[in-house]
>>> print(open('coords-v6.cif').read())   # mmCIF, C-alpha atoms
data_final
#
loop_
_atom_site.label_atom_id
_atom_site.label_comp_id
_atom_site.auth_asym_id
_atom_site.auth_seq_id
_atom_site.Cartn_x
_atom_site.Cartn_y
_atom_site.Cartn_z
CA MET N 1 141.10 -23.54 221.31
CA THR N 2 141.00 -21.83 217.86
CA ASP N 3 142.51 -18.30 217.43
CA HIS N 4 140.01 -16.30 215.34
CA THR N 5 142.16 -13.11 215.37
CA ALA N 6 144.97 -14.56 213.25
CA ASN N 7 142.99 -14.43 210.02
CA PRO N 8 140.42 -11.65 210.26
CA PRO N 9 137.74 -11.67 207.60
CA PRO N 10 138.38 -9.31 204.59
CA PRO N 11 136.64 -5.92 204.67
CA PRO N 12 133.48 -5.72 202.65
CA ALA N 13 133.90 -4.36 199.08
CA PRO N 14 132.67 -0.76 198.54
CA PRO N 15 129.36 -0.55 196.80
CA PRO N 16 129.70 0.14 193.05
CA ALA N 17 129.28 3.77 192.03
CA SER N 18 125.92 4.47 190.59
CA PRO N 19 125.78 5.66 186.94
CA ARG N 20 124.18 8.89 188.12
CA ARG N 21 127.09 9.66 190.43
CA ALA N 22 129.61 8.94 187.65
CA TRP N 23 127.82 11.33 185.30
CA ARG N 24 127.79 14.00 188.01
CA MET N 25 131.54 13.63 188.49
CA LEU N 26 132.16 13.84 184.74
CA ALA N 27 129.89 16.87 184.41
CA GLY N 28 131.68 18.57 187.29
CA ALA N 29 135.06 17.94 185.70
CA LEU N 30 133.86 19.28 182.35
CA LEU N 31 132.35 22.33 184.02
CA GLY N 32 135.57 23.04 185.86
CA LEU N 33 137.58 22.67 182.66
CA THR N 34 135.16 24.95 180.82
CA LEU N 35 135.37 27.62 183.52
CA ALA N 36 139.16 27.39 183.54
CA CYS N 37 139.32 27.78 179.75
CA ALA N 38 136.86 30.68 179.89
CA GLY N 39 138.94 32.37 182.55
CA ILE N 40 142.14 31.95 180.57
CA GLY N 41 140.38 33.19 177.44
CA ALA N 42 138.97 36.24 179.22
CA TRP N 43 142.37 37.04 180.71
CA THR N 44 144.03 36.71 177.29
CA ILE N 45 141.45 38.94 175.62
CA HIS N 46 141.79 41.56 178.37
CA ARG N 47 145.59 41.49 178.12
CA ILE N 48 145.58 41.91 174.33
CA TRP N 49 142.86 44.58 174.43
CA THR N 50 144.77 46.73 176.91
CA GLN N 51 147.87 46.52 174.72
CA LEU N 52 146.16 47.60 171.49
CA PRO N 53 147.44 50.91 170.10
CA SER N 54 145.36 54.05 169.85
CA VAL N 55 143.41 54.56 166.62
CA GLU N 56 142.73 58.29 167.00
CA HIS N 57 145.43 59.35 164.52
CA LEU N 58 143.58 57.64 161.66
CA ALA N 59 140.99 60.42 161.70
CA ALA N 60 143.53 62.67 159.98
CA TYR N 61 145.35 59.91 158.11
CA ARG N 62 147.46 60.97 155.16
CA PRO N 63 149.78 58.39 153.61
CA ALA N 64 153.39 59.02 152.67
CA LEU N 65 153.01 60.61 149.23
CA PRO N 66 155.84 61.03 146.70
CA LEU N 67 157.39 64.25 145.48
CA ARG N 68 156.10 65.14 142.01
CA ILE N 69 157.59 67.67 139.60
CA PHE N 70 155.36 69.23 136.92
CA SER N 71 155.86 71.53 133.97
CA ARG N 72 153.98 74.82 133.97
CA ASP N 73 151.47 73.29 131.57
CA GLY N 74 150.66 70.48 134.02
CA GLU N 75 152.71 67.60 132.60
CA LEU N 76 154.44 65.27 135.02
CA LEU N 77 158.20 65.52 134.68
CA ALA N 78 159.32 63.28 137.53
CA GLU N 79 158.17 61.41 140.62
CA TYR N 80 160.44 60.67 143.58
CA GLY N 81 159.60 58.33 146.43
CA VAL N 82 159.90 54.74 147.59
CA GLU N 83 156.17 54.11 147.20
CA ARG N 84 153.72 55.17 144.52
CA ARG N 85 150.69 56.68 146.22
CA GLU N 86 147.85 59.06 145.56
CA PHE N 87 145.33 59.76 148.32
CA VAL N 88 141.72 59.96 147.10
CA PRO N 89 138.77 60.64 149.45
CA LEU N 90 136.07 57.99 149.30
CA GLU N 91 133.52 60.31 147.70
CA ARG N 92 135.87 60.69 144.73
CA ILE N 93 136.36 56.94 144.27
CA PRO N 94 133.82 55.79 141.64
CA LEU N 95 131.07 53.41 142.73
CA LEU N 96 132.22 50.95 140.06
CA MET N 97 135.60 50.61 141.76
CA ARG N 98 134.05 50.33 145.21
CA HIS N 99 131.57 47.69 144.06
CA ALA N 100 134.33 45.68 142.41
CA LEU N 101 136.40 45.69 145.59
CA LEU N 102 133.50 44.73 147.85
CA ALA N 103 132.52 41.93 145.47
CA ALA N 104 136.05 40.56 145.63
CA GLU N 105 136.86 41.04 149.31
CA ASP N 106 133.82 41.62 151.52
CA ALA N 107 130.40 41.73 149.86
CA LYS N 108 128.57 42.15 153.20
CA PHE N 109 130.89 44.85 154.52
CA TYR N 110 128.04 47.28 155.18
CA GLN N 111 125.82 44.58 156.74
CA HIS N 112 128.04 42.83 159.29
CA GLY N 113 130.07 44.22 162.16
CA ALA N 114 133.82 44.20 162.56
CA ILE N 115 133.90 40.46 161.92
CA ASP N 116 131.85 38.20 159.66
CA ILE N 117 130.99 35.22 161.87
CA GLY N 118 129.97 33.02 158.94
CA GLY N 119 133.04 33.82 156.88
CA LEU N 120 135.33 33.37 159.88
CA ALA N 121 133.75 30.00 160.67
CA ARG N 122 134.24 28.80 157.09
CA ALA N 123 137.85 29.96 157.13
CA THR N 124 138.48 28.25 160.48
CA PHE N 125 137.02 25.00 159.16
CA ALA N 126 139.22 25.15 156.07
CA ASN N 127 142.37 26.09 158.00
CA VAL N 128 142.04 23.86 161.06
CA VAL N 129 139.78 20.94 160.20
CA THR N 130 140.82 20.29 156.59
CA GLY N 131 144.39 21.50 157.06
CA GLN N 132 144.26 23.92 154.14
CA PRO N 133 146.03 27.14 155.16
CA GLY N 134 145.54 30.48 153.54
CA GLN N 135 141.74 30.62 153.51
CA GLY N 136 140.09 34.01 153.87
CA GLY N 137 137.55 35.13 156.43
CA SER N 138 139.03 38.54 157.14
CA THR N 139 136.66 41.46 156.71
CA ILE N 140 137.85 44.75 155.26
CA THR N 141 137.97 46.17 158.79
CA MET N 142 140.17 43.27 159.89
CA GLN N 143 142.45 43.93 156.92
CA VAL N 144 142.67 47.61 157.89
CA ALA N 145 143.73 46.49 161.38
CA ARG N 146 146.36 44.20 159.89
CA ASN N 147 147.71 46.70 157.35
CA PHE N 148 148.05 49.57 159.80
CA TYR N 149 148.99 47.82 163.03
CA LEU N 150 149.74 44.10 162.79
CA THR N 151 151.75 41.49 160.92
CA ARG N 152 150.46 38.85 158.49
CA ASP N 153 151.64 35.89 160.61
CA LYS N 154 149.03 33.12 160.73
CA VAL N 155 149.12 32.49 164.49
CA LEU N 156 146.23 32.44 166.93
CA SER N 157 147.39 35.37 169.06
CA ARG N 158 147.82 37.61 165.99
CA LYS N 159 144.41 36.61 164.65
CA LEU N 160 142.80 37.39 168.01
CA ALA N 161 144.57 40.77 168.10
CA GLU N 162 143.32 41.44 164.56
CA ILE N 163 139.72 40.71 165.58
CA LEU N 164 139.95 42.90 168.69
CA MET N 165 141.62 45.70 166.73
CA ALA N 166 138.83 45.52 164.14
CA ILE N 167 136.22 45.85 166.89
CA LYS N 168 138.08 48.87 168.26
CA LEU N 169 138.25 50.47 164.81
CA GLU N 170 134.52 50.03 164.19
CA ARG N 171 133.74 51.57 167.58
CA GLU N 172 135.73 54.65 166.57
CA TYR N 173 135.01 55.02 162.83
CA GLY N 174 132.17 54.46 160.40
CA LYS N 175 132.21 52.05 157.49
CA ASP N 176 132.91 54.75 154.90
CA LYS N 177 136.02 55.95 156.73
CA LEU N 178 137.34 52.40 157.06
CA LEU N 179 136.76 51.72 153.38
CA GLU N 180 138.56 54.96 152.49
CA LEU N 181 141.54 53.93 154.63
CA TYR N 182 141.65 50.52 153.03
CA MET N 183 141.41 51.74 149.44
CA ASN N 184 144.25 54.23 149.94
CA GLN N 185 146.58 52.01 152.00
CA ILE N 186 146.43 48.51 150.51
CA TYR N 187 149.45 47.30 148.53
CA LEU N 188 148.61 46.35 144.93
CA GLY N 189 151.97 45.45 143.42
CA GLU N 190 154.49 47.39 141.31
CA ARG N 191 155.23 49.64 144.34
CA ALA N 192 151.65 50.97 144.08
CA TYR N 193 149.70 51.59 147.29
CA GLY N 194 146.02 52.39 146.96
CA PHE N 195 143.72 52.05 143.99
CA ALA N 196 144.35 55.49 142.49
CA ALA N 197 148.08 54.81 142.21
CA ALA N 198 147.45 51.31 140.87
CA ALA N 199 145.07 52.61 138.19
CA ASN N 200 147.81 54.92 136.95
CA VAL N 201 150.57 52.29 137.15
CA TYR N 202 148.70 49.47 135.40
CA PHE N 203 146.38 51.34 133.05
CA GLY N 204 147.77 54.87 132.83
CA LYS N 205 144.44 56.47 133.74
CA PRO N 206 142.53 57.88 136.73
CA LEU N 207 139.98 55.84 138.65
CA ASP N 208 136.99 57.50 137.00
CA ALA N 209 138.21 56.36 133.56
CA LEU N 210 138.42 52.65 134.40
CA SER N 211 136.21 50.10 132.67
CA ALA N 212 134.45 47.35 134.62
CA GLY N 213 137.11 44.87 133.57
CA GLU N 214 139.95 47.16 134.64
CA ALA N 215 138.30 47.83 137.99
CA ALA N 216 137.93 44.06 138.46
CA VAL N 217 141.65 43.54 137.73
CA LEU N 218 142.57 46.01 140.48
CA ALA N 219 139.96 44.61 142.88
CA GLY N 220 141.50 41.16 142.48
CA LEU N 221 144.98 42.27 143.53
CA PRO N 222 144.69 42.59 147.36
CA LYS N 223 144.38 38.81 147.78
CA ALA N 224 147.80 38.21 146.17
CA PRO N 225 149.44 41.24 144.49
CA SER N 226 152.30 39.22 143.00
CA ALA N 227 150.34 36.18 141.89
CA PHE N 228 147.60 38.24 140.18
CA ASN N 229 149.87 40.99 138.81
CA PRO N 230 148.74 41.47 135.17
CA VAL N 231 152.23 42.56 134.13
CA VAL N 232 153.99 39.32 135.09
CA ASN N 233 151.06 36.87 135.36
CA PRO N 234 148.50 37.87 132.72
CA ALA N 235 146.77 34.47 132.65
CA ARG N 236 146.24 34.34 136.42
CA ALA N 237 145.25 38.01 136.44
CA THR N 238 142.61 37.31 133.79
CA ALA N 239 141.21 34.35 135.74
CA ARG N 240 141.06 36.43 138.91
CA ARG N 241 139.45 39.34 137.03
CA ASN N 242 136.78 37.02 135.65
CA TYR N 243 136.07 35.70 139.14
CA VAL N 244 135.55 39.26 140.40
CA LEU N 245 133.33 40.07 137.42
CA GLY N 246 131.30 36.94 138.17
CA ARG N 247 130.83 38.09 141.75
CA MET N 248 129.75 41.55 140.56
CA HIS N 249 127.28 39.94 138.16
CA ALA N 250 125.89 37.66 140.88
CA LEU N 251 125.47 40.64 143.23
CA GLY N 252 123.60 42.64 140.59
CA GLU N 253 126.34 45.22 140.01
CA LEU N 254 126.68 44.22 136.33
CA ASP N 255 123.92 43.18 133.95
CA ASP N 256 124.33 40.24 131.57
CA ALA N 257 125.56 42.30 128.63
CA ALA N 258 128.10 44.28 130.67
CA TYR N 259 129.36 41.12 132.32
CA ARG N 260 129.87 39.25 129.04
CA ALA N 261 131.54 42.25 127.40
CA ALA N 262 133.96 42.64 130.31
CA VAL N 263 134.86 38.95 130.40
CA ASP N 264 135.51 38.88 126.64
CA MET N 265 137.76 41.96 126.74
CA PRO N 266 141.51 41.24 127.00
CA ILE N 267 143.49 43.09 129.65
CA ALA N 268 145.11 46.12 127.98
CA LEU N 269 147.87 47.55 130.14
CA ALA N 270 149.37 51.02 129.82
CA THR N 271 151.88 51.25 126.97
CA THR N 272 154.05 53.75 128.84
CA PRO N 273 156.10 52.89 131.95
CA PRO N 274 154.99 54.00 135.42
CA PRO N 275 155.76 57.60 136.30
CA GLY N 276 159.44 58.50 136.42
CA ILE N 277 161.45 61.19 134.75
CA VAL N 278 159.68 61.61 131.42
CA ALA N 279 161.30 64.81 130.15
CA ALA N 280 163.60 67.68 131.12
CA PRO N 281 165.67 65.68 133.62
CA TYR N 282 167.93 68.64 134.46
CA VAL N 283 164.97 70.80 135.51
CA ALA N 284 163.39 67.95 137.48
CA GLU N 285 166.63 67.21 139.31
CA ARG N 286 167.13 70.90 140.12
CA ALA N 287 163.63 71.09 141.60
CA ARG N 288 164.19 67.88 143.59
CA ARG N 289 167.38 69.25 145.15
CA MET N 290 165.65 72.47 146.15
CA MET N 291 162.88 70.52 147.92
CA VAL N 292 165.37 68.27 149.72
CA GLU N 293 167.34 71.32 150.88
CA ARG N 294 164.16 72.76 152.36
CA PHE N 295 162.33 69.68 153.69
CA HIS N 296 165.19 67.14 153.96
CA ASP N 297 164.02 63.48 153.73
CA ASP N 298 160.41 64.55 154.33
CA ALA N 299 160.41 65.88 150.78
CA TYR N 300 159.81 62.31 149.59
CA THR N 301 156.78 61.64 151.83
CA LEU N 302 154.84 64.93 152.16
CA GLY N 303 153.11 64.69 148.80
CA LEU N 304 154.66 67.90 147.49
CA ASP N 305 153.63 68.94 143.97
CA VAL N 306 156.17 71.33 142.46
CA THR N 307 155.37 73.32 139.31
CA THR N 308 158.38 74.53 137.33
CA THR N 309 158.58 77.33 134.77
CA ILE N 310 159.45 75.01 131.91
CA SER N 311 156.87 74.53 129.15
CA MET N 312 156.92 71.02 127.74
CA ARG N 313 155.34 72.30 124.55
CA ASP N 314 158.25 74.69 124.03
CA GLN N 315 160.70 72.02 125.19
CA ARG N 316 159.51 69.51 122.60
CA ALA N 317 159.56 72.16 119.87
CA ALA N 318 163.15 73.05 120.76
CA GLU N 319 164.19 69.39 120.85
CA ALA N 320 162.57 68.76 117.46
CA ALA N 321 164.31 71.79 115.94
CA LEU N 322 167.63 70.62 117.35
CA GLN N 323 167.10 67.14 115.96
CA ARG N 324 166.28 68.51 112.50
CA THR N 325 169.46 70.59 112.58
CA LEU N 326 171.54 67.58 113.60
CA ASN N 327 169.99 65.47 110.88
CA ARG N 328 171.17 67.98 108.27
CA GLN N 329 174.75 67.79 109.53
CA PRO N 330 177.30 65.43 107.92
CA ARG N 331 177.54 62.07 109.69
CA ALA N 332 180.98 62.80 111.16
CA LYS N 333 179.73 65.96 112.82
CA ARG N 334 176.60 64.18 114.11
CA ASP N 335 178.75 61.46 115.67
CA ALA N 336 181.00 64.06 117.26
CA ARG N 337 178.01 65.91 118.73
CA GLY N 338 176.43 62.68 119.88
CA GLY N 339 178.87 62.52 122.75
CA LEU N 340 177.53 65.80 124.07
CA GLU N 341 173.95 64.53 123.97
CA GLY N 342 174.64 61.48 126.15
#
>>> encode(input="coords-v6.cif", output="structure tokens")
Amino acid sequence: MTDHTANPPPPPAPPPASPRRAWRMLAGALLGLTLACAGIGAWTIHRIWTQLPSVEHLAAYRPALPLRIFSRDGELLAEYGVERREFVPLERIPLLMRHALLAAEDAKFYQHGAIDIGGLARATFANVVTGQPGQGGSTITMQVARNFYLTRDKVLSRKLAEILMAIKLEREYGKDKLLELYMNQIYLGERAYGFAAAANVYFGKPLDALSAGEAAVLAGLPKAPSAFNPVVNPARATARRNYVLGRMHALGELDDAAYRAAVDMPIALATTPPPGIVAAPYVAERARRMMVERFHDDAYTLGLDVTTTISMRDQRAAEAALQRTLNRQPRAKRDARGGLEG
């Protein structure tokens, strides 16, 4: 008699999964992954948003301004401070300078919100897809957020914080206020912060005396203050200036004749050094000590303007008379007196 239980027949194979069921499983997995990523993203955004600092103090923002000593006839004798600054309200910044900056940094500043989606997408493509770091994409509001609150590290968390901070700033302040903050805070090389200080350092003149070419030089500096510094890199500064002028021309801020004239004009920097002690050092030092005794270290950041009783016109006349007297002396006597003058 044959034992049929010793070798039972194999179980039937499961029916093959239908293509529709496989697609449903894949779609479910993708949906779950998407929801998980969205949840993590929302949690990250909420965490960063709740940690952002307050922006209320910017309403009364005043930068750290140097101590300046003047003669009674209004001539600058000395300037003391780590940074060269001069705060100028936006309404006193000429349109030419504003247009040059917007052409260089953020032409659609008054049209888009806190972020420029198109510009950010182009920058992301250049940075991530093509592997070319350093591309732009930051709006002026994002740069205000970075300059006042954040670092310049190119990491995702910092970039996300910059975007969120920019949104917070635009909820609190209008475009004009943000542009004013930017134009007075941005570093432009040679220890100059803000465009008014930079105009004086590089060209020895106020903002309202700048030519289109000079305004374009300054507008080109925020991108790379060292690389485009006209003092140390005149060729690169000229190329950057011409790029900014081209943008201004394309945007209709300069007509053909003004554009060509500005491009053909060489960069003429100030012939005198940036503000320092220019005359009467004893008087300037005496005034500085008096301010430090009264205000301590704050004397160098409060933007104090001190007018002394010295007249530079009389001072120069006295120095000239002394020099004429010394010139009439025999050489031996002049050499002996020279030690006193040092």
>>> resolve_selection(input="coords-v6.cif", expression="the PyMOL selection byres ((chain N and resi 211-215) around 10)", output="PyMOL selection string")
chain N and resi 94+96-101+195+199+202-203+207-210+216-220+238+241-242+244-245+248+253-254+258-259+261-269
>>> write_last_selection(input="coords-v6.cif", atoms="C-alpha atoms", output="mmCIF file, in the frame of the given file")
data_model
loop_
_atom_site.group_PDB
_atom_site.id
_atom_site.type_symbol
_atom_site.label_atom_id
_atom_site.label_comp_id
_atom_site.auth_asym_id
_atom_site.auth_seq_id
_atom_site.Cartn_x
_atom_site.Cartn_y
_atom_site.Cartn_z
ATOM 1 C CA PRO N 94 133.820 55.790 141.640
ATOM 2 C CA LEU N 96 132.220 50.950 140.060
ATOM 3 C CA MET N 97 135.600 50.610 141.760
ATOM 4 C CA ARG N 98 134.050 50.330 145.210
ATOM 5 C CA HIS N 99 131.570 47.690 144.060
ATOM 6 C CA ALA N 100 134.330 45.680 142.410
ATOM 7 C CA LEU N 101 136.400 45.690 145.590
ATOM 8 C CA PHE N 195 143.720 52.050 143.990
ATOM 9 C CA ALA N 199 145.070 52.610 138.190
ATOM 10 C CA TYR N 202 148.700 49.470 135.400
ATOM 11 C CA PHE N 203 146.380 51.340 133.050
ATOM 12 C CA LEU N 207 139.980 55.840 138.650
ATOM 13 C CA ASP N 208 136.990 57.500 137.000
ATOM 14 C CA ALA N 209 138.210 56.360 133.560
ATOM 15 C CA LEU N 210 138.420 52.650 134.400
ATOM 16 C CA ALA N 216 137.930 44.060 138.460
ATOM 17 C CA VAL N 217 141.650 43.540 137.730
ATOM 18 C CA LEU N 218 142.570 46.010 140.480
ATOM 19 C CA ALA N 219 139.960 44.610 142.880
ATOM 20 C CA GLY N 220 141.500 41.160 142.480
ATOM 21 C CA THR N 238 142.610 37.310 133.790
ATOM 22 C CA ARG N 241 139.450 39.340 137.030
ATOM 23 C CA ASN N 242 136.780 37.020 135.650
ATOM 24 C CA VAL N 244 135.550 39.260 140.400
ATOM 25 C CA LEU N 245 133.330 40.070 137.420
ATOM 26 C CA MET N 248 129.750 41.550 140.560
ATOM 27 C CA GLU N 253 126.340 45.220 140.010
ATOM 28 C CA LEU N 254 126.680 44.220 136.330
ATOM 29 C CA ALA N 258 128.100 44.280 130.670
ATOM 30 C CA TYR N 259 129.360 41.120 132.320
ATOM 31 C CA ALA N 261 131.540 42.250 127.400
ATOM 32 C CA ALA N 262 133.960 42.640 130.310
ATOM 33 C CA VAL N 263 134.860 38.950 130.400
ATOM 34 C CA ASP N 264 135.510 38.880 126.640
ATOM 35 C CA MET N 265 137.760 41.960 126.740
ATOM 36 C CA PRO N 266 141.510 41.240 127.000
ATOM 37 C CA ILE N 267 143.490 43.090 129.650
ATOM 38 C CA ALA N 268 145.110 46.120 127.980
ATOM 39 C CA LEU N 269 147.870 47.550 130.140
#
>>> residues_around(input="coords-v6.cif", residues="Pro89 in chain N", least_positions_apart="4", cutoff="9 Å", atoms="all atoms listed in the file", output="list in words")
Ile93, Glu180, Leu181 and Asn184 of chain N
>>> closest_residue(input="coords-v6.cif", among="N:Phe148, N:Tyr282, N:Tyr193, N:Tyr243", to="Val82 in chain N", atoms="all atoms listed in the file")
N:Tyr193
>>> closest_residue(input="coords-v6.cif", among="N:Val88, N:Leu221, N:Ala64, N:Leu304", to="Ala196 in chain N", atoms="only C-alpha atoms")
N:Val88
>>> closest_residue(input="coords-v6.cif", among="N:Arg247, N:Arg122, N:Arg21, N:Lys168", to="Val144 in chain N", atoms="all atoms listed in the file")
N:Lys168
>>> atom_distance(input="coords-v6.cif", atom1="CA of Thr309 in chain N", atom2="CA of Glu285 in chain N")
13.7 Å
>>> atom_distance(input="coords-v6.cif", atom1="CA of Arg92 in chain N", atom2="CA of Pro222 in chain N")
20.3 Å
>>> resolve_selection(input="coords-v6.cif", expression="the PyMOL selection byres ((chain N and resi 182) around 9)", output="list of chain:residue names")
N:Ile140, N:Thr141, N:Gln143, N:Val144, N:Asn147, N:Lys177, N:Leu178, N:Leu179, N:Glu180, N:Leu181, N:Met183, N:Asn184, N:Gln185, N:Ile186, N:Gly194
>>> atom_distance(input="coords-v6.cif", atom1="CA of Asp298 in chain N", atom2="CA of Ala197 in chain N")
19.8 Å
>>> closest_residue(input="coords-v6.cif", among="N:Asp305, N:Glu105, N:Glu162, N:Asp73", to="Met291 in chain N", atoms="all atoms listed in the file")
N:Asp305
